[in-house]
Amino acid sequence: MQINIALEHTVYDPEKMPRIQTPQIALAGRSNVGKSSLINSLGQGRLAQVSSHPGKTRSVNFYHLSDMGLYLVDLPGYGYAARSKRERDMWPLLVESCLQKNPLLTQVIMVLDSRIPPQSLDTRLAEYLEQKGLDILPILTKTDKAKMSQRSRIQKTWQRLLNLPEPPPLLSAKTGLGKEALWRMLRQACPQ
């Protein structure tokens, strides 16, 4: 599936958050979980900067999927990041401002590493999103680096923790596994 994706807004200051009157889905996950690789695999190009150092995404980035009438909103990662404390302290303010100023952002793709069991920061994010009344769409990344048994175990764990009717889909930006499942999630969020 070829969809036109363009980066339209990059926001570092909560006061400058745009108010977008188009449906939006956020991407949230820990630093270095593969959100940028996921965006690049959807866009079939280099839209987002990828790094092996956690904390590369320091802003809220709005990617417009014009063919679908939808925005993907890439939020800064949480957890360890090779950035100053002052800069890391700004990230929750950016996220909160994004959610407050964009009421059409109603769903969050929670990007999780298939190699790592649920951590307290992950479960706290899920609780926060539920408190905000946002739909959580979990997806497990980096599956090309995880053993089949490990993937299955993590899928079942997250299915139970989030009380899901089925296990979260597996995704590999490297091999393309799960890309169609991700497109299905995005199509279901599109305006009718």
# chains A, B, ... in the order shown; residues from 1 in each chain; ligands from 1
>>> residues_around(residues="Leu162 of chain A", least_positions_apart="2", cutoff="12 Å", atoms="only C-alpha atoms", output="list in words")
Met110, Pro118, Asp122, Thr123, Arg124, Leu125, Ala126, Glu127, Leu129, Glu130, Asp135, Ile136, Leu137, Pro138, Ile139, Gln155, Lys156, Thr157, Trp158, Gln159, Arg160, Leu164, Pro165, Glu166, Pro167 and Pro168 of chain A
>>> write_last_selection(atoms="N, CA and C atoms", output="PDB file, in the first residue's frame")
ATOM      1  N   MET A 110       0.373   2.236  21.111  1.00  0.00           N
ATOM      2  CA  MET A 110       1.378   2.048  22.150  1.00  0.00           C
ATOM      3  C   MET A 110       2.426   1.098  21.587  1.00  0.00           C
ATOM      4  N   PRO A 118       6.754  -6.322  30.126  1.00  0.00           N
ATOM      5  CA  PRO A 118       6.182  -5.044  30.543  1.00  0.00           C
ATOM      6  C   PRO A 118       6.951  -4.434  31.715  1.00  0.00           C
ATOM      7  N   ASP A 122       5.797   1.386  31.158  1.00  0.00           N
ATOM      8  CA  ASP A 122       4.822   0.980  30.136  1.00  0.00           C
ATOM      9  C   ASP A 122       3.422   0.881  30.740  1.00  0.00           C
ATOM     10  N   THR A 123       3.311   0.237  31.876  1.00  0.00           N
ATOM     11  CA  THR A 123       1.995   0.071  32.491  1.00  0.00           C
ATOM     12  C   THR A 123       1.455   1.413  32.983  1.00  0.00           C
ATOM     13  N   ARG A 124       2.342   2.300  33.439  1.00  0.00           N
ATOM     14  CA  ARG A 124       1.898   3.642  33.846  1.00  0.00           C
ATOM     15  C   ARG A 124       1.389   4.431  32.646  1.00  0.00           C
ATOM     16  N   LEU A 125       2.045   4.272  31.488  1.00  0.00           N
ATOM     17  CA  LEU A 125       1.558   4.933  30.274  1.00  0.00           C
ATOM     18  C   LEU A 125       0.159   4.421  29.938  1.00  0.00           C
ATOM     19  N   ALA A 126      -0.035   3.116  29.981  1.00  0.00           N
ATOM     20  CA  ALA A 126      -1.349   2.543  29.668  1.00  0.00           C
ATOM     21  C   ALA A 126      -2.416   3.096  30.621  1.00  0.00           C
ATOM     22  N   GLU A 127      -2.091   3.194  31.908  1.00  0.00           N
ATOM     23  CA  GLU A 127      -3.035   3.749  32.888  1.00  0.00           C
ATOM     24  C   GLU A 127      -3.345   5.210  32.578  1.00  0.00           C
ATOM     25  N   LEU A 129      -3.168   6.753  29.648  1.00  0.00           N
ATOM     26  CA  LEU A 129      -3.980   6.837  28.443  1.00  0.00           C
ATOM     27  C   LEU A 129      -5.434   6.471  28.726  1.00  0.00           C
ATOM     28  N   GLU A 130      -5.635   5.468  29.557  1.00  0.00           N
ATOM     29  CA  GLU A 130      -6.999   5.080  29.927  1.00  0.00           C
ATOM     30  C   GLU A 130      -7.686   6.198  30.699  1.00  0.00           C
ATOM     31  N   ASP A 135      -8.243   5.452  23.333  1.00  0.00           N
ATOM     32  CA  ASP A 135      -8.179   4.045  22.940  1.00  0.00           C
ATOM     33  C   ASP A 135      -6.717   3.648  22.762  1.00  0.00           C
ATOM     34  N   ILE A 136      -6.343   2.518  23.341  1.00  0.00           N
ATOM     35  CA  ILE A 136      -4.964   2.019  23.245  1.00  0.00           C
ATOM     36  C   ILE A 136      -4.911   0.921  22.196  1.00  0.00           C
ATOM     37  N   LEU A 137      -4.005   1.104  21.240  1.00  0.00           N
ATOM     38  CA  LEU A 137      -3.778   0.115  20.187  1.00  0.00           C
ATOM     39  C   LEU A 137      -2.331  -0.345  20.311  1.00  0.00           C
ATOM     40  N   PRO A 138      -2.061  -1.416  21.068  1.00  0.00           N
ATOM     41  CA  PRO A 138      -0.673  -1.838  21.257  1.00  0.00           C
ATOM     42  C   PRO A 138      -0.122  -2.561  20.037  1.00  0.00           C
ATOM     43  N   ILE A 139       1.159  -2.398  19.815  1.00  0.00           N
ATOM     44  CA  ILE A 139       1.856  -3.107  18.757  1.00  0.00           C
ATOM     45  C   ILE A 139       3.256  -3.434  19.259  1.00  0.00           C
ATOM     46  N   GLN A 155       3.174 -11.289  23.766  1.00  0.00           N
ATOM     47  CA  GLN A 155       1.838 -11.011  23.224  1.00  0.00           C
ATOM     48  C   GLN A 155       0.755 -11.381  24.240  1.00  0.00           C
ATOM     49  N   LYS A 156       0.863 -12.572  24.814  1.00  0.00           N
ATOM     50  CA  LYS A 156      -0.144 -13.034  25.778  1.00  0.00           C
ATOM     51  C   LYS A 156      -0.141 -12.164  27.043  1.00  0.00           C
ATOM     52  N   THR A 157       1.050 -11.758  27.468  1.00  0.00           N
ATOM     53  CA  THR A 157       1.154 -10.914  28.667  1.00  0.00           C
ATOM     54  C   THR A 157       0.447  -9.580  28.447  1.00  0.00           C
ATOM     55  N   TRP A 158       0.727  -8.934  27.307  1.00  0.00           N
ATOM     56  CA  TRP A 158       0.089  -7.643  27.020  1.00  0.00           C
ATOM     57  C   TRP A 158      -1.403  -7.801  26.771  1.00  0.00           C
ATOM     58  N   GLN A 159      -1.810  -8.892  26.156  1.00  0.00           N
ATOM     59  CA  GLN A 159      -3.232  -9.128  25.940  1.00  0.00           C
ATOM     60  C   GLN A 159      -3.959  -9.181  27.287  1.00  0.00           C
ATOM     61  N   ARG A 160      -3.356  -9.882  28.248  1.00  0.00           N
ATOM     62  CA  ARG A 160      -3.952  -9.993  29.577  1.00  0.00           C
ATOM     63  C   ARG A 160      -3.928  -8.645  30.315  1.00  0.00           C
ATOM     64  N   LEU A 164      -7.338  -7.276  26.261  1.00  0.00           N
ATOM     65  CA  LEU A 164      -7.611  -7.203  24.825  1.00  0.00           C
ATOM     66  C   LEU A 164      -8.309  -8.466  24.343  1.00  0.00           C
ATOM     67  N   PRO A 165      -9.166  -8.345  23.331  1.00  0.00           N
ATOM     68  CA  PRO A 165      -9.830  -9.535  22.795  1.00  0.00           C
ATOM     69  C   PRO A 165      -8.871 -10.456  22.037  1.00  0.00           C
ATOM     70  N   GLU A 166      -7.777  -9.893  21.519  1.00  0.00           N
ATOM     71  CA  GLU A 166      -6.771 -10.700  20.816  1.00  0.00           C
ATOM     72  C   GLU A 166      -5.388 -10.135  21.109  1.00  0.00           C
ATOM     73  N   PRO A 167      -4.333 -10.916  20.877  1.00  0.00           N
ATOM     74  CA  PRO A 167      -2.974 -10.441  21.174  1.00  0.00           C
ATOM     75  C   PRO A 167      -2.596  -9.251  20.293  1.00  0.00           C
ATOM     76  N   PRO A 168      -1.729  -8.356  20.801  1.00  0.00           N
ATOM     77  CA  PRO A 168      -1.279  -7.235  19.973  1.00  0.00           C
ATOM     78  C   PRO A 168      -0.497  -7.742  18.764  1.00  0.00           C
TER      79      PRO A 168
END
>>> residues_around(residues="segment 170-176 of chain A", least_positions_apart="2", cutoff="7 Å", atoms="only C-alpha atoms", output="list in words")
Ser37, Leu38, Ser41, Ile139, Leu140, Thr141, Lys142, Thr143, Asp144, Pro168, Gly178 and Lys179 of chain A
>>> write_last_selection(atoms="N, CA and C atoms", output="PDB file, in the first residue's frame")
ATOM      1  N   SER A  37      11.536   4.108  13.176  1.00  0.00           N
ATOM      2  CA  SER A  37      11.642   3.057  12.148  1.00  0.00           C
ATOM      3  C   SER A  37      10.259   2.668  11.629  1.00  0.00           C
ATOM      4  N   LEU A  38       9.282   2.628  12.522  1.00  0.00           N
ATOM      5  CA  LEU A  38       7.914   2.304  12.141  1.00  0.00           C
ATOM      6  C   LEU A  38       7.389   3.350  11.152  1.00  0.00           C
ATOM      7  N   SER A  41       9.046   2.951   7.813  1.00  0.00           N
ATOM      8  CA  SER A  41       8.586   1.785   7.043  1.00  0.00           C
ATOM      9  C   SER A  41       7.228   2.065   6.410  1.00  0.00           C
ATOM     10  N   ILE A 139       1.159  -2.398  19.815  1.00  0.00           N
ATOM     11  CA  ILE A 139       1.856  -3.107  18.757  1.00  0.00           C
ATOM     12  C   ILE A 139       3.256  -3.434  19.259  1.00  0.00           C
ATOM     13  N   LEU A 140       3.731  -4.631  18.966  1.00  0.00           N
ATOM     14  CA  LEU A 140       5.044  -5.085  19.435  1.00  0.00           C
ATOM     15  C   LEU A 140       6.054  -4.992  18.302  1.00  0.00           C
ATOM     16  N   THR A 141       7.122  -4.234  18.520  1.00  0.00           N
ATOM     17  CA  THR A 141       8.128  -4.002  17.484  1.00  0.00           C
ATOM     18  C   THR A 141       9.371  -4.860  17.695  1.00  0.00           C
ATOM     19  N   LYS A 142      10.278  -4.749  16.742  1.00  0.00           N
ATOM     20  CA  LYS A 142      11.585  -5.419  16.765  1.00  0.00           C
ATOM     21  C   LYS A 142      11.442  -6.938  16.851  1.00  0.00           C
ATOM     22  N   THR A 143      10.391  -7.456  16.234  1.00  0.00           N
ATOM     23  CA  THR A 143      10.132  -8.895  16.327  1.00  0.00           C
ATOM     24  C   THR A 143      11.158  -9.728  15.570  1.00  0.00           C
ATOM     25  N   ASP A 144      11.873  -9.116  14.629  1.00  0.00           N
ATOM     26  CA  ASP A 144      12.924  -9.857  13.922  1.00  0.00           C
ATOM     27  C   ASP A 144      14.092 -10.173  14.857  1.00  0.00           C
ATOM     28  N   PRO A 168      -1.729  -8.356  20.801  1.00  0.00           N
ATOM     29  CA  PRO A 168      -1.279  -7.235  19.973  1.00  0.00           C
ATOM     30  C   PRO A 168      -0.497  -7.742  18.764  1.00  0.00           C
ATOM     31  N   GLY A 178       3.848  -7.536   9.916  1.00  0.00           N
ATOM     32  CA  GLY A 178       2.847  -6.780  10.661  1.00  0.00           C
ATOM     33  C   GLY A 178       2.479  -5.434  10.074  1.00  0.00           C
ATOM     34  N   LYS A 179       3.097  -5.076   8.979  1.00  0.00           N
ATOM     35  CA  LYS A 179       2.832  -3.762   8.378  1.00  0.00           C
ATOM     36  C   LYS A 179       1.372  -3.634   7.951  1.00  0.00           C
TER      37      LYS A 179
END
>>> select_by_dssp(residues="segment 94-191 of chain A", states="helix (DSSP H, G or I)", output="NGL selection string")
:A and (94-101 or 120-131 or 143-145 or 148-161 or 179-189)
>>> write_last_selection(atoms="C-alpha atoms", output="compact mmCIF listing (two decimals), in the first residue's frame")
# COMPACT_ATOMS: atom_id res chain seq x y z
CA LEU A 94 4.56 18.58 25.31
CA VAL A 95 2.47 15.40 25.48
CA GLU A 96 -0.13 16.96 27.80
CA SER A 97 -0.39 20.07 25.61
CA CYS A 98 -0.80 17.90 22.51
CA LEU A 99 -3.67 15.94 24.09
CA GLN A 100 -5.41 19.06 25.44
CA LYS A 101 -5.24 21.04 22.22
CA SER A 120 6.42 -0.06 35.17
CA LEU A 121 6.79 2.91 32.78
CA ASP A 122 4.82 0.98 30.14
CA THR A 123 1.99 0.07 32.49
CA ARG A 124 1.90 3.64 33.85
CA LEU A 125 1.56 4.93 30.27
CA ALA A 126 -1.35 2.54 29.67
CA GLU A 127 -3.04 3.75 32.89
CA TYR A 128 -2.48 7.40 31.90
CA LEU A 129 -3.98 6.84 28.44
CA GLU A 130 -7.00 5.08 29.93
CA GLN A 131 -7.52 7.96 32.40
CA THR A 143 10.13 -8.90 16.33
CA ASP A 144 12.92 -9.86 13.92
CA LYS A 145 15.26 -9.71 16.97
CA MET A 148 9.18 -16.96 18.45
CA SER A 149 8.50 -18.24 21.99
CA GLN A 150 9.50 -14.87 23.45
CA ARG A 151 7.15 -13.03 21.07
CA SER A 152 4.23 -15.30 21.90
CA ARG A 153 4.80 -14.92 25.65
CA ILE A 154 4.94 -11.10 25.43
CA GLN A 155 1.84 -11.01 23.22
CA LYS A 156 -0.14 -13.03 25.78
CA THR A 157 1.15 -10.91 28.67
CA TRP A 158 0.09 -7.64 27.02
CA GLN A 159 -3.23 -9.13 25.94
CA ARG A 160 -3.95 -9.99 29.58
CA LEU A 161 -2.65 -6.69 31.02
CA LYS A 179 2.83 -3.76 8.38
CA GLU A 180 -0.58 -4.67 6.96
CA ALA A 181 -2.00 -5.03 10.50
CA LEU A 182 -0.76 -1.53 11.24
CA TRP A 183 -2.35 -0.17 8.05
CA ARG A 184 -5.63 -1.83 9.13
CA MET A 185 -5.45 0.01 12.47
CA LEU A 186 -4.91 3.29 10.65
CA ARG A 187 -7.70 2.66 8.10
CA GLN A 188 -10.16 1.87 10.89
CA ALA A 189 -9.37 5.28 12.43
>>> atom_distance(atom1="atom CA of Asp74 of chain A", atom2="atom CA of Ile109 of chain A")
9.7 Å
>>> select_by_dssp(residues="segment 11-159 of chain A", states="strand (DSSP E or B)", output="ChimeraX atom specification")
/A:11,24-30,60-65,70-74,78,105-113,135-141
>>> write_last_selection(atoms="N, CA and C atoms", output="compact mmCIF listing (two decimals), in the first residue's frame")
# COMPACT_ATOMS: atom_id res chain seq x y z
N VAL A 11 7.13 20.28 16.93
CA VAL A 11 6.86 21.19 18.03
C VAL A 11 7.74 20.85 19.23
N GLN A 24 -6.56 12.13 14.44
CA GLN A 24 -5.16 11.88 14.73
C GLN A 24 -5.00 10.62 15.56
N ILE A 25 -3.89 9.93 15.33
CA ILE A 25 -3.49 8.80 16.16
C ILE A 25 -2.07 9.08 16.61
N ALA A 26 -1.84 8.98 17.90
CA ALA A 26 -0.49 9.21 18.43
C ALA A 26 0.30 7.90 18.45
N LEU A 27 1.62 8.05 18.38
CA LEU A 27 2.55 6.93 18.60
C LEU A 27 3.27 7.22 19.90
N ALA A 28 3.15 6.33 20.87
CA ALA A 28 3.80 6.52 22.15
C ALA A 28 4.57 5.26 22.52
N GLY A 29 5.74 5.46 23.13
CA GLY A 29 6.54 4.32 23.55
C GLY A 29 7.84 4.79 24.17
N ARG A 30 8.54 3.85 24.75
CA ARG A 30 9.80 4.20 25.41
C ARG A 30 10.83 4.63 24.38
N VAL A 60 7.22 16.85 19.40
CA VAL A 60 6.01 16.20 18.92
C VAL A 60 5.97 16.46 17.43
N ASN A 61 5.91 15.39 16.66
CA ASN A 61 5.96 15.48 15.20
C ASN A 61 4.64 15.02 14.60
N PHE A 62 4.07 15.88 13.76
CA PHE A 62 2.79 15.60 13.12
C PHE A 62 3.03 15.19 11.67
N TYR A 63 2.72 13.93 11.35
CA TYR A 63 2.85 13.40 10.00
C TYR A 63 1.46 13.31 9.38
N HIS A 64 1.28 13.96 8.24
CA HIS A 64 -0.02 13.96 7.58
C HIS A 64 -0.10 12.83 6.56
N LEU A 65 -1.08 11.99 6.72
CA LEU A 65 -1.39 10.95 5.75
C LEU A 65 -2.55 11.48 4.93
N LEU A 70 -5.79 11.77 7.81
CA LEU A 70 -5.37 11.38 9.15
C LEU A 70 -3.98 11.91 9.45
N TYR A 71 -3.71 12.18 10.73
CA TYR A 71 -2.36 12.53 11.17
C TYR A 71 -1.84 11.45 12.11
N LEU A 72 -0.57 11.11 11.94
CA LEU A 72 0.16 10.31 12.92
C LEU A 72 0.96 11.31 13.75
N VAL A 73 0.82 11.24 15.06
CA VAL A 73 1.49 12.18 15.95
C VAL A 73 2.53 11.41 16.75
N ASP A 74 3.79 11.65 16.43
CA ASP A 74 4.90 10.96 17.08
C ASP A 74 5.29 11.73 18.35
N TYR A 78 9.68 7.83 26.32
CA TYR A 78 9.86 7.94 27.76
C TYR A 78 10.91 6.95 28.22
N LEU A 105 -7.55 13.76 18.62
CA LEU A 105 -6.57 12.70 18.89
C LEU A 105 -7.23 11.80 19.94
N THR A 106 -7.76 10.68 19.49
CA THR A 106 -8.55 9.82 20.37
C THR A 106 -7.97 8.42 20.54
N GLN A 107 -6.91 8.12 19.76
CA GLN A 107 -6.32 6.80 19.82
C GLN A 107 -4.80 6.92 19.90
N VAL A 108 -4.21 5.95 20.59
CA VAL A 108 -2.75 5.94 20.74
C VAL A 108 -2.24 4.55 20.41
N ILE A 109 -1.33 4.49 19.43
CA ILE A 109 -0.63 3.24 19.17
C ILE A 109 0.50 3.16 20.19
N MET A 110 0.37 2.24 21.11
CA MET A 110 1.38 2.05 22.15
C MET A 110 2.43 1.10 21.59
N VAL A 111 3.61 1.65 21.29
CA VAL A 111 4.68 0.89 20.64
C VAL A 111 5.53 0.24 21.74
N LEU A 112 5.59 -1.09 21.70
CA LEU A 112 6.26 -1.86 22.74
C LEU A 112 7.31 -2.77 22.12
N ASP A 113 8.41 -2.96 22.82
CA ASP A 113 9.51 -3.81 22.35
C ASP A 113 9.17 -5.27 22.66
N ASP A 135 -8.24 5.45 23.33
CA ASP A 135 -8.18 4.05 22.94
C ASP A 135 -6.72 3.65 22.76
N ILE A 136 -6.34 2.52 23.34
CA ILE A 136 -4.96 2.02 23.25
C ILE A 136 -4.91 0.92 22.20
N LEU A 137 -4.00 1.10 21.24
CA LEU A 137 -3.78 0.11 20.19
C LEU A 137 -2.33 -0.34 20.31
N PRO A 138 -2.06 -1.42 21.07
CA PRO A 138 -0.67 -1.84 21.26
C PRO A 138 -0.12 -2.56 20.04
N ILE A 139 1.16 -2.40 19.81
CA ILE A 139 1.86 -3.11 18.76
C ILE A 139 3.26 -3.43 19.26
N LEU A 140 3.73 -4.63 18.97
CA LEU A 140 5.04 -5.08 19.43
C LEU A 140 6.05 -4.99 18.30
N THR A 141 7.12 -4.23 18.52
CA THR A 141 8.13 -4.00 17.48
C THR A 141 9.37 -4.86 17.69
>>> closest_residue(among="A:Leu75, A:Pro117, A:Thr10, A:Met68", to="Thr22 of chain A", atoms="only C-alpha atoms")
A:Met68
>>> atom_distance(atom1="atom CA of Gly34 of chain A", atom2="atom CA of Ala6 of chain A")
18.6 Å
>>> atom_distance(atom1="atom CA of Gly77 of chain A", atom2="atom CA of Lys147 of chain A")
24.7 Å
>>> closest_residue(among="A:Gly133, A:Pro23, A:Pro169, A:Pro14", to="Gly69 of chain A", atoms="only C-alpha atoms")
A:Pro23
>>> closest_residue(among="A:Leu134, A:Ile5, A:Val33, A:Ile39", to="Arg115 of chain A", atoms="only C-alpha atoms")
A:Val33
>>> decode(residues="segment 106-122 of chain A", atoms="N, CA and C atoms", output="mmCIF file, in the first residue's frame")
data_model
loop_
_atom_site.group_PDB
_atom_site.id
_atom_site.type_symbol
_atom_site.label_atom_id
_atom_site.label_comp_id
_atom_site.auth_asym_id
_atom_site.auth_seq_id
_atom_site.Cartn_x
_atom_site.Cartn_y
_atom_site.Cartn_z
ATOM 1 N N THR A 106 -7.763 10.680 19.485
ATOM 2 C CA THR A 106 -8.551 9.819 20.368
ATOM 3 C C THR A 106 -7.965 8.420 20.535
ATOM 4 N N GLN A 107 -6.910 8.123 19.757
ATOM 5 C CA GLN A 107 -6.318 6.796 19.820
ATOM 6 C C GLN A 107 -4.802 6.919 19.901
ATOM 7 N N VAL A 108 -4.206 5.955 20.594
ATOM 8 C CA VAL A 108 -2.749 5.940 20.737
ATOM 9 C C VAL A 108 -2.242 4.547 20.408
ATOM 10 N N ILE A 109 -1.327 4.488 19.432
ATOM 11 C CA ILE A 109 -0.633 3.235 19.174
ATOM 12 C C ILE A 109 0.496 3.165 20.193
ATOM 13 N N MET A 110 0.373 2.236 21.111
ATOM 14 C CA MET A 110 1.378 2.048 22.150
ATOM 15 C C MET A 110 2.426 1.098 21.587
ATOM 16 N N VAL A 111 3.607 1.645 21.292
ATOM 17 C CA VAL A 111 4.676 0.890 20.645
ATOM 18 C C VAL A 111 5.527 0.241 21.739
ATOM 19 N N LEU A 112 5.589 -1.086 21.702
ATOM 20 C CA LEU A 112 6.256 -1.863 22.743
ATOM 21 C C LEU A 112 7.315 -2.768 22.122
ATOM 22 N N ASP A 113 8.414 -2.962 22.819
ATOM 23 C CA ASP A 113 9.509 -3.811 22.350
ATOM 24 C C ASP A 113 9.166 -5.271 22.658
ATOM 25 N N SER A 114 9.128 -6.101 21.620
ATOM 26 C CA SER A 114 8.741 -7.510 21.787
ATOM 27 C C SER A 114 9.759 -8.313 22.584
ATOM 28 N N ARG A 115 10.940 -7.742 22.829
ATOM 29 C CA ARG A 115 11.989 -8.467 23.562
ATOM 30 C C ARG A 115 11.972 -8.177 25.054
ATOM 31 N N ILE A 116 11.174 -7.206 25.469
ATOM 32 C CA ILE A 116 11.216 -6.739 26.859
ATOM 33 C C ILE A 116 9.867 -6.973 27.529
ATOM 34 N N PRO A 117 9.856 -7.633 28.692
ATOM 35 C CA PRO A 117 8.587 -7.806 29.416
ATOM 36 C C PRO A 117 8.047 -6.436 29.851
ATOM 37 N N PRO A 118 6.754 -6.322 30.126
ATOM 38 C CA PRO A 118 6.182 -5.044 30.543
ATOM 39 C C PRO A 118 6.951 -4.434 31.715
ATOM 40 N N GLN A 119 7.266 -3.159 31.580
ATOM 41 C CA GLN A 119 7.968 -2.405 32.616
ATOM 42 C C GLN A 119 6.974 -1.461 33.277
ATOM 43 N N SER A 120 7.333 -0.948 34.452
ATOM 44 C CA SER A 120 6.415 -0.061 35.169
ATOM 45 C C SER A 120 6.095 1.196 34.354
ATOM 46 N N LEU A 121 7.066 1.728 33.603
ATOM 47 C CA LEU A 121 6.785 2.911 32.779
ATOM 48 C C LEU A 121 5.750 2.603 31.697
ATOM 49 N N ASP A 122 5.797 1.386 31.158
ATOM 50 C CA ASP A 122 4.822 0.980 30.136
ATOM 51 C C ASP A 122 3.422 0.881 30.740
#
